[in-house]
>>> print(open('my_file-v6.tsv').read())   # TSV, C-alpha atoms
chain	number	residue	atom	x	y	z
L	19	MET	CA	23.40	-20.08	12.70
L	20	MET	CA	19.75	-19.43	11.88
L	21	ASP	CA	17.67	-21.73	9.72
L	22	PRO	CA	17.34	-20.70	6.05
L	23	LEU	CA	14.25	-18.60	5.34
L	24	ASN	CA	12.62	-18.83	1.92
L	25	VAL	CA	11.02	-15.51	1.01
L	26	VAL	CA	8.93	-15.10	-2.13
L	27	ILE	CA	8.11	-11.61	-3.36
L	28	CYS	CA	5.12	-11.41	-5.69
L	29	GLY	CA	5.36	-8.36	-7.90
L	30	GLY	CA	8.19	-6.79	-9.86
L	31	GLY	CA	7.49	-3.15	-9.06
L	32	ARG	CA	9.40	-0.64	-6.94
L	33	THR	CA	8.69	-2.25	-3.57
L	34	GLY	CA	9.34	-5.74	-4.93
L	35	HIS	CA	12.70	-4.79	-6.44
L	36	LEU	CA	13.90	-2.92	-3.36
L	37	SER	CA	12.79	-5.61	-0.92
L	38	ALA	CA	14.49	-8.32	-2.95
L	39	VAL	CA	17.83	-6.51	-2.96
L	40	LEU	CA	17.69	-5.64	0.75
L	41	PHE	CA	16.73	-9.17	1.81
L	42	LYS	CA	19.59	-10.72	-0.16
L	43	GLN	CA	22.08	-8.75	1.93
L	44	LEU	CA	21.03	-10.84	4.95
L	45	PRO	CA	22.54	-14.21	5.90
L	46	GLY	CA	20.41	-17.28	5.33
L	47	ILE	CA	17.70	-15.55	3.30
L	48	ARG	CA	16.70	-17.17	0.02
L	49	VAL	CA	14.76	-14.74	-2.20
L	50	SER	CA	12.51	-15.60	-5.12
L	51	LEU	CA	10.70	-13.02	-7.26
L	52	LEU	CA	7.44	-13.96	-8.97
L	53	THR	CA	6.67	-11.54	-11.79
L	54	ASN	CA	4.92	-11.48	-15.14
L	55	ASN	CA	7.41	-8.92	-16.44
L	56	TRP	CA	9.45	-10.98	-18.89
L	57	GLU	CA	11.93	-8.14	-19.29
L	58	VAL	CA	12.85	-8.56	-15.60
L	59	ILE	CA	13.09	-12.34	-15.94
L	60	GLU	CA	15.31	-12.20	-19.03
L	61	ARG	CA	17.61	-9.52	-17.62
L	62	HIS	CA	18.13	-11.40	-14.40
L	63	ALA	CA	19.48	-14.37	-16.33
L	64	HIS	CA	22.51	-12.19	-17.15
L	65	THR	CA	22.84	-9.64	-14.35
L	66	GLY	CA	21.71	-8.73	-10.84
L	67	ILE	CA	19.53	-5.93	-9.48
L	68	SER	CA	20.85	-2.81	-7.78
L	69	ALA	CA	19.37	-0.55	-5.12
L	70	LEU	CA	20.61	3.05	-5.14
L	71	MET	CA	20.77	4.19	-1.53
L	72	PRO	CA	19.61	7.60	-0.24
L	73	GLU	CA	22.98	8.43	1.30
L	74	GLY	CA	24.82	7.38	-1.84
L	75	GLY	CA	26.28	4.04	-2.74
L	76	THR	CA	24.70	0.95	-4.25
L	77	LEU	CA	23.63	-2.48	-3.04
L	78	SER	CA	23.45	-5.29	-5.58
L	79	ALA	CA	22.00	-8.79	-5.51
L	80	ARG	CA	21.48	-11.90	-7.60
L	81	LEU	CA	18.19	-13.47	-6.59
L	82	ASP	CA	17.75	-17.21	-6.19
L	83	VAL	CA	14.73	-17.46	-8.50
L	84	VAL	CA	13.13	-14.94	-10.86
L	85	SER	CA	10.20	-16.50	-12.67
L	86	GLY	CA	6.68	-16.10	-13.93
L	87	ASP	CA	5.86	-19.68	-12.86
L	88	PRO	CA	4.21	-19.87	-9.40
L	89	ASP	CA	5.31	-23.49	-8.94
L	90	ALA	CA	8.97	-22.55	-9.50
L	91	ALA	CA	8.88	-19.51	-7.24
L	92	LEU	CA	6.76	-20.87	-4.38
L	93	ALA	CA	8.00	-24.45	-4.12
L	94	ASP	CA	9.35	-24.18	-0.55
L	95	ALA	CA	8.10	-20.75	0.52
L	96	ASP	CA	8.11	-19.75	4.18
L	97	VAL	CA	7.09	-16.09	3.74
L	98	VAL	CA	5.15	-14.73	0.77
L	99	ILE	CA	5.06	-10.95	0.33
L	100	ILE	CA	2.51	-9.57	-2.13
L	101	THR	CA	3.48	-6.16	-3.48
L	102	VAL	CA	1.21	-5.89	-6.51
L	103	PRO	CA	-1.52	-3.21	-6.54
L	104	ALA	CA	-4.76	-4.08	-4.76
L	105	GLN	CA	-6.65	-4.46	-8.03
L	106	ALA	CA	-4.20	-7.19	-9.11
L	107	ARG	CA	-4.35	-9.15	-5.85
L	108	PRO	CA	-7.48	-11.25	-6.54
L	109	ALA	CA	-6.00	-12.72	-9.74
L	110	LEU	CA	-2.58	-13.18	-8.13
L	111	LEU	CA	-3.93	-15.02	-5.08
L	112	HIS	CA	-5.97	-17.26	-7.37
L	113	ALA	CA	-2.81	-17.99	-9.40
L	114	ILE	CA	-0.60	-18.85	-6.42
L	115	ALA	CA	-3.07	-20.66	-4.14
L	116	GLY	CA	-2.40	-24.07	-5.66
L	117	SER	CA	1.38	-23.60	-5.58
L	118	LEU	CA	1.72	-22.82	-1.86
L	119	PRO	CA	3.36	-25.50	0.30
L	120	THR	CA	0.89	-27.64	2.23
L	121	HIS	CA	3.26	-29.39	4.66
L	122	LYS	CA	4.09	-26.36	6.83
L	123	PRO	CA	2.79	-22.91	7.76
L	124	VAL	CA	3.33	-20.35	5.01
L	125	TYR	CA	2.99	-16.68	5.93
L	126	VAL	CA	1.12	-14.87	3.14
L	127	GLY	CA	1.01	-11.10	3.50
L	128	ALA	CA	0.56	-7.85	1.61
L	129	ILE	CA	2.66	-4.71	1.71
L	130	PRO	CA	0.88	-2.42	2.19
L	131	GLY	CA	-1.94	-4.42	3.73
L	132	PHE	CA	-4.78	-1.98	3.15
L	133	CYS	CA	-7.98	-2.42	1.12
L	134	GLY	CA	-9.25	-5.32	3.26
L	135	PHE	CA	-6.51	-7.75	2.24
L	136	ASP	CA	-7.36	-10.07	5.15
L	137	TRP	CA	-10.90	-10.55	3.80
L	138	LEU	CA	-9.66	-11.14	0.26
L	139	ALA	CA	-6.98	-13.64	1.30
L	140	GLU	CA	-9.36	-15.56	3.56
L	141	LYS	CA	-11.67	-16.08	0.60
L	142	ALA	CA	-8.95	-16.79	-1.98
L	143	LEU	CA	-6.96	-19.18	0.23
L	144	ALA	CA	-9.89	-21.09	1.68
L	145	ALA	CA	-8.33	-24.37	0.48
L	146	ARG	CA	-5.01	-23.54	2.19
L	147	PRO	CA	-5.75	-23.53	5.95
L	148	ASN	CA	-1.98	-23.61	6.65
L	149	ALA	CA	-1.67	-20.09	5.19
L	150	VAL	CA	-1.16	-17.45	7.89
L	151	ILE	CA	-2.65	-14.19	6.59
L	152	TRP	CA	-0.97	-10.91	7.48
L	153	GLY	CA	-0.36	-7.38	6.24
L	154	MET	CA	1.95	-4.46	6.91
L	155	LYS	CA	0.43	-1.06	7.61
L	156	ASP	CA	2.63	0.74	5.09
L	157	VAL	CA	5.64	0.20	2.86
L	158	PRO	CA	8.88	0.00	4.89
L	159	HIS	CA	10.63	2.41	2.51
L	160	THR	CA	9.60	4.67	-0.32
L	161	ALA	CA	11.07	3.55	-3.62
L	162	TYR	CA	11.17	5.24	-7.01
L	163	ALA	CA	13.10	5.61	-10.28
L	164	LEU	CA	12.59	1.94	-11.14
L	165	GLN	CA	14.39	0.43	-14.11
L	166	PRO	CA	12.81	-3.04	-14.23
L	167	GLY	CA	15.34	-5.79	-13.76
L	168	VAL	CA	18.16	-3.26	-13.38
L	169	SER	CA	17.82	-0.85	-10.46
L	170	VAL	CA	15.55	1.02	-8.08
L	171	ARG	CA	16.22	4.04	-5.91
L	172	MET	CA	15.48	3.81	-2.18
L	173	GLY	CA	13.82	6.79	-0.51
L	174	GLY	CA	12.88	7.43	3.10
L	175	ALA	CA	12.53	4.59	5.60
L	176	LYS	CA	9.81	4.19	8.24
L	177	SER	CA	11.05	4.38	11.83
L	178	THR	CA	8.75	1.53	12.99
L	179	LEU	CA	6.85	-1.12	11.03
L	180	TYR	CA	3.40	-2.29	12.08
L	181	VAL	CA	1.86	-5.58	11.04
L	182	GLY	CA	-1.48	-7.25	11.66
L	183	THR	CA	-2.85	-10.72	11.11
L	184	HIS	CA	-6.24	-12.12	10.25
L	185	GLN	CA	-8.27	-12.56	13.41
L	186	ARG	CA	-8.27	-16.33	12.93
L	187	GLU	CA	-4.50	-16.63	13.46
L	188	SER	CA	-3.18	-18.19	16.68
L	189	GLY	CA	-0.80	-16.59	19.15
L	190	PRO	CA	2.11	-18.90	18.21
L	191	ALA	CA	1.58	-18.17	14.49
L	192	ARG	CA	1.63	-14.43	15.19
L	193	GLN	CA	4.86	-14.73	17.16
L	194	THR	CA	6.54	-16.77	14.42
L	195	LEU	CA	5.50	-14.17	11.86
L	196	LEU	CA	6.97	-11.44	14.05
L	197	ALA	CA	10.26	-13.34	14.32
L	198	HIS	CA	10.46	-13.76	10.54
L	199	LEU	CA	9.80	-10.08	9.90
L	200	GLN	CA	12.23	-8.93	12.58
L	201	ARG	CA	14.84	-10.99	10.78
L	202	LEU	CA	14.04	-9.33	7.43
L	203	TYR	CA	13.75	-5.67	8.45
L	204	ALA	CA	16.17	-3.35	10.23
L	205	ALA	CA	13.40	-1.17	11.69
L	206	PRO	CA	11.50	-2.37	14.79
L	207	VAL	CA	8.41	-4.45	13.93
L	208	GLU	CA	5.32	-4.33	16.15
L	209	LEU	CA	2.21	-6.52	16.04
L	210	LEU	CA	-1.18	-4.81	16.01
L	211	ALA	CA	-4.11	-6.28	17.92
L	212	HIS	CA	-6.66	-6.22	15.05
L	213	TYR	CA	-6.37	-6.11	11.27
L	214	LEU	CA	-8.88	-3.25	11.10
L	215	GLU	CA	-6.09	-1.07	12.48
L	216	ILE	CA	-4.44	-1.52	9.06
L	217	THR	CA	-7.61	-1.26	7.00
L	218	LEU	CA	-8.52	2.04	8.67
L	219	THR	CA	-5.05	3.59	8.87
L	220	PRO	CA	-5.22	6.75	6.76
L	221	GLY	CA	-2.98	6.58	3.72
L	222	ASN	CA	-3.15	6.42	-0.06
L	223	PRO	CA	-6.90	5.66	-0.23
L	224	ILE	CA	-7.64	9.14	1.08
L	225	MET	CA	-4.40	10.88	0.10
L	226	HIS	CA	-4.37	10.42	-3.66
L	227	PRO	CA	-8.12	10.90	-4.36
L	228	SER	CA	-8.23	14.03	-2.16
L	229	VAL	CA	-5.23	15.63	-3.88
L	230	VAL	CA	-6.62	14.80	-7.33
L	231	TYR	CA	-9.93	16.37	-6.30
L	232	GLY	CA	-8.09	19.47	-5.10
L	233	LEU	CA	-6.11	19.66	-8.34
L	234	ILE	CA	-8.80	19.09	-11.00
L	235	GLY	CA	-12.11	18.64	-9.18
L	236	PRO	CA	-15.08	21.01	-9.61
L	237	TYR	CA	-13.64	23.63	-7.22
L	238	ALA	CA	-10.03	23.48	-8.47
L	239	GLN	CA	-8.31	26.12	-10.58
L	240	TRP	CA	-7.26	23.41	-13.06
L	241	HIS	CA	-10.74	21.95	-13.48
L	242	ASP	CA	-11.13	20.94	-17.14
L	243	LYS	CA	-7.73	22.50	-17.90
L	244	PRO	CA	-4.47	20.76	-18.86
L	245	PHE	CA	-1.20	21.40	-17.02
L	246	ALA	CA	1.69	23.05	-18.82
L	247	GLU	CA	4.21	20.59	-17.34
L	248	PRO	CA	4.33	17.53	-15.07
L	249	LEU	CA	3.98	18.11	-11.34
L	250	CYS	CA	4.85	16.23	-8.15
L	251	TRP	CA	2.22	14.60	-5.95
L	252	TRP	CA	3.26	16.22	-2.70
L	253	THR	CA	5.72	19.08	-3.20
L	254	ASP	CA	3.22	20.62	-5.64
L	255	CYS	CA	0.13	19.75	-3.59
L	256	PRO	CA	-2.29	22.73	-3.66
L	257	GLU	CA	-3.85	24.17	-0.53
L	258	LEU	CA	-7.23	22.93	-1.69
L	259	GLY	CA	-5.90	19.37	-1.93
L	260	ALA	CA	-4.58	19.55	1.63
L	261	TYR	CA	-7.93	20.97	2.78
L	262	PHE	CA	-9.94	18.08	1.30
L	263	LEU	CA	-7.41	15.61	2.66
L	264	GLU	CA	-7.86	16.96	6.19
L	265	ARG	CA	-11.65	16.76	5.88
L	266	CYS	CA	-11.43	13.13	4.71
L	267	ASP	CA	-9.02	12.34	7.52
L	268	GLU	CA	-11.46	13.77	10.07
L	269	GLU	CA	-14.21	11.54	8.68
L	270	SER	CA	-11.86	8.56	8.75
L	271	GLN	CA	-11.33	9.18	12.46
L	272	LEU	CA	-15.12	9.28	12.95
L	273	LEU	CA	-15.30	5.92	11.20
L	274	CYS	CA	-12.71	4.51	13.61
L	275	LYS	CA	-14.79	5.66	16.56
L	276	ALA	CA	-17.91	4.07	15.06
L	277	VAL	CA	-16.04	0.77	14.60
L	278	GLU	CA	-14.85	0.92	18.21
L	279	GLN	CA	-18.39	1.41	19.47
L	280	ARG	CA	-19.96	-1.24	17.25
L	281	LEU	CA	-17.29	-3.97	17.39
L	282	GLY	CA	-15.51	-3.21	20.64
L	283	VAL	CA	-12.16	-3.00	18.84
L	284	ASP	CA	-9.51	-0.67	20.26
L	285	MET	CA	-8.62	1.65	17.36
L	286	SER	CA	-6.42	4.03	19.36
L	287	SER	CA	-3.37	3.08	17.28
L	288	VAL	CA	-4.99	4.69	14.22
L	289	GLN	CA	-3.86	8.28	14.50
L	290	PRO	CA	-4.78	11.30	12.37
L	291	LEU	CA	-2.92	11.29	9.07
L	292	ARG	CA	-0.60	14.21	9.78
L	293	GLN	CA	0.49	12.59	13.04
L	294	GLU	CA	1.00	9.23	11.26
L	295	ILE	CA	3.25	10.85	8.65
L	296	VAL	CA	5.24	12.90	11.15
L	297	GLU	CA	5.89	9.90	13.38
L	298	ALA	CA	6.76	7.67	10.43
L	299	TYR	CA	9.29	10.05	8.83
L	300	GLN	CA	10.38	12.17	11.82
L	301	ALA	CA	13.48	14.26	10.95
L	302	GLN	CA	12.86	13.83	7.21
L	303	ILE	CA	10.04	16.38	7.56
L	304	ARG	CA	11.36	19.93	7.62
L	305	ASP	CA	8.07	21.64	8.62
L	306	PRO	CA	5.52	19.51	10.56
L	307	ARG	CA	3.11	22.36	11.46
L	308	THR	CA	0.25	21.72	9.00
L	309	MET	CA	-0.92	19.04	6.58
L	310	LEU	CA	0.22	21.15	3.64
L	311	SER	CA	3.67	21.81	5.12
L	312	VAL	CA	4.11	18.13	6.01
L	313	LEU	CA	3.34	17.05	2.45
L	314	ARG	CA	5.52	19.70	0.86
L	315	SER	CA	8.52	19.40	3.20
L	316	ASN	CA	8.83	15.60	3.63
L	317	GLN	CA	12.16	14.64	2.07
L	318	ALA	CA	10.86	11.09	1.58
L	319	TYR	CA	8.19	12.53	-0.74
L	320	ASP	CA	10.54	14.68	-2.82
L	321	SER	CA	10.39	14.26	-6.60
L	322	ILE	CA	7.51	11.75	-6.60
L	323	LEU	CA	5.71	12.64	-9.81
L	324	ALA	CA	1.93	12.66	-10.11
L	325	PRO	CA	0.61	10.25	-12.78
L	326	MET	CA	0.21	12.32	-15.91
L	327	VAL	CA	-0.07	11.74	-19.65
L	328	LYS	CA	0.82	14.22	-22.37
L	329	THR	CA	-1.88	15.35	-24.76
L	330	ALA	CA	-1.86	17.82	-27.62
L	331	ASP	CA	-2.91	20.57	-25.19
L	332	GLY	CA	-0.64	19.70	-22.24
L	333	TYR	CA	-0.56	17.22	-19.35
L	334	VAL	CA	-3.60	15.61	-17.72
L	335	ILE	CA	-3.99	13.26	-14.75
L	336	ASP	CA	-3.79	9.64	-15.95
L	337	LYS	CA	-7.09	8.00	-15.12
L	338	GLU	CA	-5.59	4.55	-15.76
L	339	ASN	CA	-3.14	4.97	-12.87
L	340	ARG	CA	-3.30	2.89	-9.69
L	341	ALA	CA	-4.22	6.08	-7.80
L	342	PHE	CA	-7.70	5.42	-9.20
L	343	HIS	CA	-7.93	1.68	-9.80
L	344	GLU	CA	-6.31	0.84	-6.46
L	345	ASP	CA	-6.82	3.77	-4.10
L	346	VAL	CA	-10.36	4.63	-5.19
L	347	ALA	CA	-11.81	1.27	-6.24
L	348	PHE	CA	-10.17	-0.86	-3.55
L	349	GLY	CA	-9.28	1.67	-0.84
L	350	LEU	CA	-11.80	4.48	-0.65
L	351	ALA	CA	-14.58	2.06	-1.59
L	352	VAL	CA	-13.98	0.15	1.67
L	353	LEU	CA	-14.42	3.32	3.75
L	354	VAL	CA	-17.59	4.30	1.90
L	355	GLU	CA	-19.09	0.83	2.38
L	356	MET	CA	-18.13	0.75	6.07
L	357	GLY	CA	-19.84	4.10	6.57
L	358	ARG	CA	-22.94	2.83	4.78
L	359	ARG	CA	-23.07	-0.38	6.86
L	360	LEU	CA	-22.61	1.60	10.10
L	361	GLU	CA	-25.15	4.25	9.00
L	362	LEU	CA	-22.47	6.93	9.39
L	363	LYS	CA	-22.49	9.97	7.15
L	364	LEU	CA	-19.12	10.64	5.45
L	365	PRO	CA	-19.97	13.56	3.14
L	366	TYR	CA	-16.44	14.51	2.02
L	367	ILE	CA	-15.29	10.91	1.51
L	368	GLU	CA	-18.47	10.08	-0.39
L	369	GLU	CA	-18.26	13.19	-2.59
L	370	ILE	CA	-14.59	12.64	-3.43
L	371	PHE	CA	-15.20	8.93	-4.05
L	372	ASN	CA	-18.12	9.56	-6.39
L	373	TRP	CA	-16.25	12.26	-8.33
L	374	ASN	CA	-13.13	10.10	-8.74
L	375	VAL	CA	-15.21	7.12	-9.87
L	376	ALA	CA	-16.85	9.31	-12.51
L	377	TYR	CA	-13.46	10.70	-13.62
L	378	MET	CA	-11.96	7.23	-14.01
L	379	GLY	CA	-14.95	6.07	-16.04
L	380	GLY	CA	-16.63	3.87	-13.43
L	381	LEU	CA	-15.54	0.84	-11.39
L	382	ARG	CA	-14.33	-2.23	-13.27
L	383	SER	CA	-13.84	-4.18	-10.07
L	384	SER	CA	-13.54	-3.14	-6.45
L	385	ALA	CA	-13.11	-4.26	-2.86
L	386	LEU	CA	-16.89	-4.66	-2.75
L	387	ASP	CA	-16.35	-7.90	-4.68
L	388	TYR	CA	-14.99	-9.51	-1.49
L	389	PHE	CA	-16.25	-7.22	1.29
L	390	PRO	CA	-17.89	-9.65	3.78
L	391	GLN	CA	-21.65	-9.70	3.41
L	392	THR	CA	-22.08	-10.17	7.16
L	393	TRP	CA	-19.86	-7.24	8.28
L	394	PRO	CA	-20.05	-5.73	10.91
L	395	ALA	CA	-21.74	-8.74	12.52
>>> encode(input="my_file-v6.tsv", output="structure tokens")
Amino acid sequence: MMDPLNVVICGGGRTGHLSAVLFKQLPGIRVSLLTNNWEVIERHAHTGISALMPEGGTLSARLDVVSGDPDAALADADVVIITVPAQARPALLHAIAGSLPTHKPVYVGAIPGFCGFDWLAEKALAARPNAVIWGMKDVPHTAYALQPGVSVRMGGAKSTLYVGTHQRESGPARQTLLAHLQRLYAAPVELLAHYLEITLTPGNPIMHPSVVYGLIGPYAQWHDKPFAEPLCWWTDCPELGAYFLERCDEESQLLCKAVEQRLGVDMSSVQPLRQEIVEAYQAQIRDPRTMLSVLRSNQAYDSILAPMVKTADGYVIDKENRAFHEDVAFGLAVLVEMGRRLELKLPYIEEIFNWNVAYMGGLRSSALDYFPQTWPA
């Protein structure tokens, strides 16, 4: 018999719902959900949450705690998993810091762990030295079709999960974290040597802004034009979007090499984006030959709609979506600032960043609010 493990999921979105249901299938796992969505809280008082599986069938669960009160959710937490968008993390960490247990290590991580989460958490949890800061490179599964408090549909699963910890964490703390995560996830979990391997892994911060730029940017056929109907992020990705994505990915690899040279950090685990996607989804990708074919033929990406709003003239990209306020302001901003600090030119990344910032109406807040002033020293 294993000791009970108290897991707290912060965020009632797709990843939060799916993780909660999957964890409750495991013996000895106590799951609490911290959410500000009162619809989820009220529904859970009467019914459980279901996960609709890709192969058919349903998993259901009644969670141990569903609350908007950090004290109620975090009272005896062992593992805290933050699933809210990056732009919501500063306020969330501020809200939960005082509710974390102080008598034992508590493993506070983000899924996904991009956007410099280690820097943010170090600053926000300065009064909680027992907090072990970690992040996962990517979501363990895609999830979609969320009905809050009712159900979520599970998409493709990653073949291997990669996690990193803040550089301050000890070897024993890292091994305990690994044991906890191996208990929670069916896929193999591997520890990365440096958190920058997560921060610089190519993903949404270059994927979404590049595709948007290819769809409606100054060189796109839909520039200043509405769409007749909604479209999918990846199965409808235009060739121009894939082109800009590949250019940004090349610059991201140059940034990795610059970090290696300046900081002496081995960044060899950070592969080009197409290779990352192919290795993560393997047989779910029908045609792995090019970036465009990978995006369009990945079964895990099927039916994922782009964020659009209907206007009198048709559909337009929703500038309030997290693709802008997370991926641009907290993701792409980190890469731009790293390039600036390292005196490395990133022309495509900078151009796409500046255009997206203008489209979204400017930055309200960004990762620059907590980017270390002394980096890369």
>>> atom_distance(input="my_file-v6.tsv", atom1="CA of Thr329 in chain L", atom2="CA of Phe245 in chain L")
9.8 Å
>>> axis_aligned_box(input="my_file-v6.tsv", around="range 291-298 of chain L", padding_each_side="3 Å", output="lines of an AutoDock Vina configuration file")
center_x = 1.9
center_y = 10.9
center_z = 11.0
size_x = 15.7
size_y = 12.5
size_z = 10.7
>>> closest_residue(input="my_file-v6.tsv", among="L:Gly221, L:Pro365, L:Gly167, L:Gly173", to="Gly29 in chain L", atoms="all atoms listed in the file")
L:Gly167
>>> residues_around(input="my_file-v6.tsv", residues="Thr160 in chain L", least_positions_apart="5", cutoff="10 Å", atoms="only C-alpha atoms", output="MDAnalysis selection string")
chainID L and resid 32:33 36 171:176 318:319 322
>>> closest_residue(input="my_file-v6.tsv", among="L:Ile151, L:Cys133, L:Leu110, L:Ile295", to="Ser384 in chain L", atoms="all atoms listed in the file")
L:Cys133
>>> closest_residue(input="my_file-v6.tsv", among="L:Met225, L:Arg265, L:Cys274, L:Ser287", to="Leu209 in chain L", atoms="all atoms listed in the file")
L:Ser287
>>> residues_around(input="my_file-v6.tsv", residues="Val168 in chain L", least_positions_apart="6", cutoff="8 Å", atoms="all atoms listed in the file", output="list in words")
Val58, Arg61, Thr65, Gly66, Ile67 and Ser68 of chain L
>>> atom_distance(input="my_file-v6.tsv", atom1="CA of Glu369 in chain L", atom2="CA of Tyr388 in chain L")
23.0 Å
>>> closest_residue(input="my_file-v6.tsv", among="L:Pro108, L:Gly182, L:Pro119, L:Pro223", to="Ala139 in chain L", atoms="only C-alpha atoms")
L:Pro108
>>> closest_residue(input="my_file-v6.tsv", among="L:Trp137, L:Ala69, L:Ala341, L:Gly86", to="Thr392 in chain L", atoms="all atoms listed in the file")
L:Trp137
>>> residues_around(input="my_file-v6.tsv", residues="Phe262 in chain L", least_positions_apart="4", cutoff="10 Å", atoms="only C-alpha atoms", output="mmCIF file with C-alpha atoms, in the frame of the given file")
data_model
loop_
_atom_site.group_PDB
_atom_site.id
_atom_site.type_symbol
_atom_site.label_atom_id
_atom_site.label_comp_id
_atom_site.auth_asym_id
_atom_site.auth_seq_id
_atom_site.Cartn_x
_atom_site.Cartn_y
_atom_site.Cartn_z
ATOM 1 C CA ILE L 224 -7.640 9.140 1.080
ATOM 2 C CA MET L 225 -4.400 10.880 0.100
ATOM 3 C CA PRO L 227 -8.120 10.900 -4.360
ATOM 4 C CA SER L 228 -8.230 14.030 -2.160
ATOM 5 C CA VAL L 229 -5.230 15.630 -3.880
ATOM 6 C CA VAL L 230 -6.620 14.800 -7.330
ATOM 7 C CA TYR L 231 -9.930 16.370 -6.300
ATOM 8 C CA GLY L 232 -8.090 19.470 -5.100
ATOM 9 C CA GLU L 257 -3.850 24.170 -0.530
ATOM 10 C CA LEU L 258 -7.230 22.930 -1.690
ATOM 11 C CA CYS L 266 -11.430 13.130 4.710
ATOM 12 C CA ASP L 267 -9.020 12.340 7.520
ATOM 13 C CA GLU L 268 -11.460 13.770 10.070
ATOM 14 C CA TYR L 366 -16.440 14.510 2.020
ATOM 15 C CA ILE L 367 -15.290 10.910 1.510
ATOM 16 C CA ILE L 370 -14.590 12.640 -3.430
#
>>> closest_residue(input="my_file-v6.tsv", among="L:Leu272, L:Leu23, L:Ile234, L:Val49", to="Tyr333 in chain L", atoms="all atoms listed in the file")
L:Ile234
>>> atom_distance(input="my_file-v6.tsv", atom1="CA of Ala93 in chain L", atom2="CA of Ile47 in chain L")
15.1 Å
>>> residues_near_point(input="my_file-v6.tsv", point="(3.6, 16.5, -5.3)", cutoff="12 Å", atoms="all atoms listed in the file", output="PyMOL selection string")
chain L and resi 225-226+229-230+233+248-257+259-260+310-326
>>> write_last_selection(input="my_file-v6.tsv", atoms="C-alpha atoms", output="short mmCIF file (atom, residue, chain, number, x, y, z; two decimals), in the coordinates of the input")
data_model
loop_
_atom_site.label_atom_id
_atom_site.label_comp_id
_atom_site.auth_asym_id
_atom_site.auth_seq_id
_atom_site.Cartn_x
_atom_site.Cartn_y
_atom_site.Cartn_z
CA MET L 225 -4.40 10.88 0.10
CA HIS L 226 -4.37 10.42 -3.66
CA VAL L 229 -5.23 15.63 -3.88
CA VAL L 230 -6.62 14.80 -7.33
CA LEU L 233 -6.11 19.66 -8.34
CA PRO L 248 4.33 17.53 -15.07
CA LEU L 249 3.98 18.11 -11.34
CA CYS L 250 4.85 16.23 -8.15
CA TRP L 251 2.22 14.60 -5.95
CA TRP L 252 3.26 16.22 -2.70
CA THR L 253 5.72 19.08 -3.20
CA ASP L 254 3.22 20.62 -5.64
CA CYS L 255 0.13 19.75 -3.59
CA PRO L 256 -2.29 22.73 -3.66
CA GLU L 257 -3.85 24.17 -0.53
CA GLY L 259 -5.90 19.37 -1.93
CA ALA L 260 -4.58 19.55 1.63
CA LEU L 310 0.22 21.15 3.64
CA SER L 311 3.67 21.81 5.12
CA VAL L 312 4.11 18.13 6.01
CA LEU L 313 3.34 17.05 2.45
CA ARG L 314 5.52 19.70 0.86
CA SER L 315 8.52 19.40 3.20
CA ASN L 316 8.83 15.60 3.63
CA GLN L 317 12.16 14.64 2.07
CA ALA L 318 10.86 11.09 1.58
CA TYR L 319 8.19 12.53 -0.74
CA ASP L 320 10.54 14.68 -2.82
CA SER L 321 10.39 14.26 -6.60
CA ILE L 322 7.51 11.75 -6.60
CA LEU L 323 5.71 12.64 -9.81
CA ALA L 324 1.93 12.66 -10.11
CA PRO L 325 0.61 10.25 -12.78
CA MET L 326 0.21 12.32 -15.91
#
